[in-house]
Every structure is written in C-alpha cells, then in structure tokens.
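Q: Input: one structure, supplied below.
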Amino acid sequence: MIYRTTRLEAPPFLSSSWNDPPWDRLRPGVIHHHMGETPAHLPEAEFKLAYDRDALYVKFLVADRYVLARAKADQAEVWKDSCVEFFFTPGTDISLGYFNLEMNCSGTLLFHFQKRPRENRIIISHEDCRAVERVHSMPKTVDPEISEHMTWTVGYRLPVSLLEKYCPVVSPRPGVVWRANFYKCADASSHPHWLTWAKVDMPRPDFHQPAFFGRLAFK
C-alpha cells in the first residue's frame with residue numbers, strides 16, 4: 001500500500017470540514033480491511049494527509065454508528081472509544097521504532113513512541129501532546145453511545161520538530177518515504193471492530209504490527 005502525500009506551500013486552515021481547500025484536491029486513503037471476524041458494523045473510514053516544511057496535516061472522515069467517546073484526558077484509553085489511529089515510522093527503517101497516535105472522535109489523543117511493539121514505550125509528554133493542534137466535529141464527550149447513522153471528522157497538525165525529540169526523523173520532502181498504517185476501532189462500543197488501511201495478516205486484531213506498515217511517499 002502506498003499513499004502519495006501532497007506538499008502544501010502554505011499551512012492549511014484547520015477545520016472539521018472534510019473538503020475545505022486545499023483538502024478538496026487531496027486523494028483520500030480508505031481504511032477498509034478488517035481484522036478478526038467480519039464485524040456486524042463496518043464503518044466507512046477515510047484519511048487524507050499533507051505536509052509542509054514544518055508539519056504533517058492529517059484528517060479522517062468516518063461514516064459510523066454506535067459512536068462513543070468517554071476518554072476525557074490525553075493518554076487515556078481512547079481506543080475503547082470511536083477512534084482513528086496513525087501508526088508510523090518517520091523513515092523506512094522500522095527497526096528504529098514507531099509512533100502510535102490514536103484519537104477518539106472528540107479529539108482526545110493517546111500518543112506513544114516504542115522501539116518494539118509494547119516494549120519500553122515512551123509516553124509523549126502532556127506538553128508535547130498539547131502541541132498537536134486538533135479539530136473535531138463531535139462534542140468532547142459522547143456518552144451514552146449514539147446508535148444512529150452519522151458522519152464525524154477529526155484532524156490535526158503534527159509538528160516534525162516534536163517527533164525529532166523522540167527518535168531520528170527523515171524530514172518530509174519530495175522523494176522521501178515513511179512507513180505507516182491507519183486504523184479505525186471502537187473496542188468498548190456495542191459493535192467493536194478493527195479496520196486497517198494496509199492489510200495486517202494476523203489471527204487476532206493487533207495494530208502493533210510495523211512489519212505490515214504501508215508506505216507514505218512524499219511528493
């Protein structure tokens with residue numbers, strides 16, 4: 001899987017709209033592979049990603065049901081909520097480790113760096129989490145669960161300088177490739193599911209599989 005990432009000449013305005021300029025001209029990636037048994041509820045999830053010399057810009061759009069957001073503080077258990085996730089190595093060498101940035105539909109995030117899956121993880125500081133500017137279409141808490149059909153978005157600006165504090169980074173520029181995967185989950189909802197962009201061939205749901213990461217090709 002390859003996602004070709006567009007370079008922007010000026011930082012985009014961060015809004016919860018999926019198709020504000022320049023987002024309207026960016027091609028989405030589709031998160032449609034499922035892990036485990038076919039879920040009873042299969043959301044439609046897409047992402048767009050762009051960059052400039054200072055940051056990455058990421059947006060997700062999810063057509064969903066059974067939407068839930070109970071985590072109220074950064075580094076809480078957001079994967080139990082209606083959640084989208086960006087796992088990535090800022091280069092091609094996955095042996096150097098990877099970041100997992102997980103965000104529920106209300107903009108609350110979990111952000112870690114780990115050399116190996118679930119070993120010696122580094123929890124990104126709360127100060128650095130606050131440096132991730134965010135937008136989201138849902139209120140800060142969604143509880144009880146919303147069972148009706150709905151669409152929600154989240155987006156964020158991720159400074160490259162923040163990443164450099166935790167591991168070596170191959171700075172985004174034309175011709176550079178990073179390894180990455182994008183996910184959708186909702187572990188504690190009434191209809192749990194585990195969806196991936198790049199297919200993960202494992203017998204049980206497990207997103208911490210950098211060997212299956214696809215590629216971000218910076219244009």
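Lettering and numbering for the structure tokens are positional, with chains as A, B, ... in the shown order, residues counted from 1 in each chain, and ligands counted from 1 in the shown order.
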I need the residues of chain A that end up classed as strand (DSSP E or B) by DSSP on the backbone, written out as a VMD selection string.
A: chain A and resid 2 to 7 29 to 31 33 to 34 44 to 51 55 to 64 67 to 69 83 to 89 98 to 104 109 to 114 116 119 122 to 123 133 to 136 142 to 146 150 to 159 177 to 185 194 to 196 214 to 218
Q: Which residues are close to Trp18 of chain A, i.e. within 8 Å by only C-alpha atoms, leaving aside same-chain residues fewer than 4 positions away? Reply as a VMD selection string.
A: chain A and resid 23 to 24 59 to 61 153
Q: Nearest residue to Trp178 of chain A out of A:Glu77, A:Glu37, A:Asp93, A:Glu44, using only C-alpha atoms?
A: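 Smallest separation from Trp178 of chain A among the options: A:Asp93.
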Q: Can I get the residues of segment 66-98 of chain A within 12 Å of segment 194-206 of chain A, each with the closest pair of atoms and their distance in Å to one decimal, using only C-alpha atoms, sorted chain first then ascending number, as CSV?
A:
```
residue,atom,partner,partner_atom,distance
A:Trp79,CA,A:Trp194,CA,10.1
A:Lys80,CA,A:Trp194,CA,11.0
A:Asp81,CA,A:Trp194,CA,11.9
A:Ser82,CA,A:Trp194,CA,10.7
A:Cys83,CA,A:Trp194,CA,9.9
A:Val84,CA,A:Leu195,CA,9.3
A:Glu85,CA,A:Thr196,CA,9.3
A:Phe86,CA,A:Trp197,CA,10.0
A:Phe87,CA,A:Thr196,CA,10.7
A:Phe88,CA,A:Ala198,CA,12.0
```
Q: Neighbouring residues of Tyr156 of chain A were defined as those with any atom within 9 Å, considering only C-alpha atoms; residues of the same chain fewer than 2 positions away were excluded. Please report them as a list of chain:residue names.
A: A:Leu14, A:Leu56, A:Tyr57, A:Val58, A:Lys59, A:Gly107, A:Val132, A:Glu133, A:Arg134, A:Val135, A:His136, A:Val154, A:Leu158
Q: Atom CA of Leu8 of chain A and atom CA of Tyr51 of chain A, how far apart in Å?
A: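 Taking atom CA of Tyr51 of chain A as the start and atom CA of Leu8 of chain A as the end point, the length is 5.9 Å.
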Q: Enter the distance from atom CA of Ala217 of chain A to atom CA of Glu127 of chain A, in Å, rounded to one decimal.
A: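 The value is 29.5 Å.
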Q: Determine, using only C-alpha atoms, which residues of segment 65-130 of chain A have any atom at most 9 Å from an atom of segment 167-176 of chain A, and tabulate each with its shortest atom pair and distance in Å to one decimal place, rows ordered by chain and then rising number, as a Markdown table.
A:
```
| residue | atom | partner | partner_atom | distance |
| --- | --- | --- | --- | --- |
| A:Thr89 | CA | A:Val169 | CA | 8.3 |
| A:Pro90 | CA | A:Val169 | CA | 5.1 |
| A:Gly91 | CA | A:Val170 | CA | 5.3 |
| A:Thr92 | CA | A:Val170 | CA | 8.7 |
| A:Leu96 | CA | A:Cys167 | CA | 7.7 |
| A:Gly97 | CA | A:Cys167 | CA | 7.9 |
| A:Tyr98 | CA | A:Cys167 | CA | 8.7 |
| A:Phe113 | CA | A:Cys167 | CA | 8.4 |
```
Q: For N, CA and C atoms, I'd like the residues from the last selection saved as a PDB file, in the first residue's frame.
A:
```pdb
ATOM      1  N   THR A  89       6.556   5.085  11.241  1.00  0.00           N
ATOM      2  CA  THR A  89       7.999   5.243  11.416  1.00  0.00           C
ATOM      3  C   THR A  89       8.429   6.397  10.520  1.00  0.00           C
ATOM      4  N   PRO A  90       9.092   7.442  11.054  1.00  0.00           N
ATOM      5  CA  PRO A  90       9.455   8.604  10.222  1.00  0.00           C
ATOM      6  C   PRO A  90      10.708   8.337   9.382  1.00  0.00           C
ATOM      7  N   GLY A  91      10.592   7.330   8.531  1.00  0.00           N
ATOM      8  CA  GLY A  91      11.648   6.857   7.656  1.00  0.00           C
ATOM      9  C   GLY A  91      11.255   5.469   7.182  1.00  0.00           C
ATOM     10  N   THR A  92      12.195   4.734   6.616  1.00  0.00           N
ATOM     11  CA  THR A  92      11.878   3.393   6.108  1.00  0.00           C
ATOM     12  C   THR A  92      12.335   2.272   7.024  1.00  0.00           C
ATOM     13  N   LEU A  96      13.938   1.111  13.935  1.00  0.00           N
ATOM     14  CA  LEU A  96      14.199   2.279  14.774  1.00  0.00           C
ATOM     15  C   LEU A  96      13.022   2.618  15.677  1.00  0.00           C
ATOM     16  N   GLY A  97      11.876   1.954  15.459  1.00  0.00           N
ATOM     17  CA  GLY A  97      10.699   2.199  16.274  1.00  0.00           C
ATOM     18  C   GLY A  97       9.601   2.915  15.506  1.00  0.00           C
ATOM     19  N   TYR A  98       8.498   3.155  16.191  1.00  0.00           N
ATOM     20  CA  TYR A  98       7.347   3.796  15.545  1.00  0.00           C
ATOM     21  C   TYR A  98       6.533   4.569  16.572  1.00  0.00           C
ATOM     22  N   PHE A 113       5.661   6.486  21.657  1.00  0.00           N
ATOM     23  CA  PHE A 113       6.717   6.007  20.770  1.00  0.00           C
ATOM     24  C   PHE A 113       7.276   4.728  21.363  1.00  0.00           C
TER      25      PHE A 113
END
```
Q: Can you check which residues of segment 16-166 of chain A DSSP gives as helix (DSSP H, G or I) on the backbone and send them as a ChimeraX atom specification?
A: /A:23-25,78-80,94-96,126-130,160-163
Q: Might you pull out every residue within 8 Å of Lys72 of chain A, with only C-alpha atoms counted and same-chain residues fewer than 2 positions away left off, and present them as a list in words?
A: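 Result of the neighbour search: Arg70, Asp74, Ala76, Thr108, Lys140 and Thr141 of chain A.
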Q: Write the selection just made, keeping C-alpha atoms, as a JSON list (two decimals), in the first residue's frame?
A:
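Result saved to again35.json:
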```
[["chain", "number", "residue", "atom", "x", "y", "z"],
["A", 70, "ARG", "CA", -15.67, 8.56, 27.14],
["A", 74, "ASP", "CA", -4.91, 12.87, 26.68],
["A", 76, "ALA", "CA", -6.42, 7.90, 28.33],
["A", 108, "THR", "CA", -8.70, 13.28, 22.78],
["A", 140, "LYS", "CA", -15.85, 16.49, 23.98],
["A", 141, "THR", "CA", -17.85, 13.61, 25.45]]
```
Q: At a cut-off of 9 Å, using only C-alpha atoms, what residues contact His208 of chain A? Leave out same-chain residues fewer than 3 positions from it and give the result as a VMD selection string.
A: chain A and resid 87 100 116 to 118 211
Q: Keeping only C-alpha atoms, write the selected residues as a PDB file, in the first residue's frame.
A:
```
ATOM      1  CA  PHE A  87       0.982   4.484  13.335  1.00  0.00           C
ATOM      2  CA  ASN A 100       1.222   5.452  17.554  1.00  0.00           C
ATOM      3  CA  ARG A 116       9.335  -2.583  19.601  1.00  0.00           C
ATOM      4  CA  PRO A 117       5.644  -3.371  19.966  1.00  0.00           C
ATOM      5  CA  ARG A 118       4.604  -2.813  23.586  1.00  0.00           C
ATOM      6  CA  ALA A 211       6.071  -5.304   9.590  1.00  0.00           C
TER       7      ALA A 211
END
```
Q: I'd like to know which of A:Ala45, A:Ala50, A:Ile123, A:Met1 is closest to Val62 of chain A, using only C-alpha atoms.
A: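 Comparing A:Ala45, A:Ala50, A:Ile123, A:Met1 against Val62 of chain A, the winner is A:Ala45.
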Q: Let me make sure I understand: among A:Phe218, A:Phe213, A:Phe99, A:Phe47, which one has the smallest atom-to-atom distance to Asn19 of chain A if we use only C-alpha atoms?
A: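 Ranking A:Phe218, A:Phe213, A:Phe99, A:Phe47 by distance to Asn19 of chain A, first place goes to A:Phe47.
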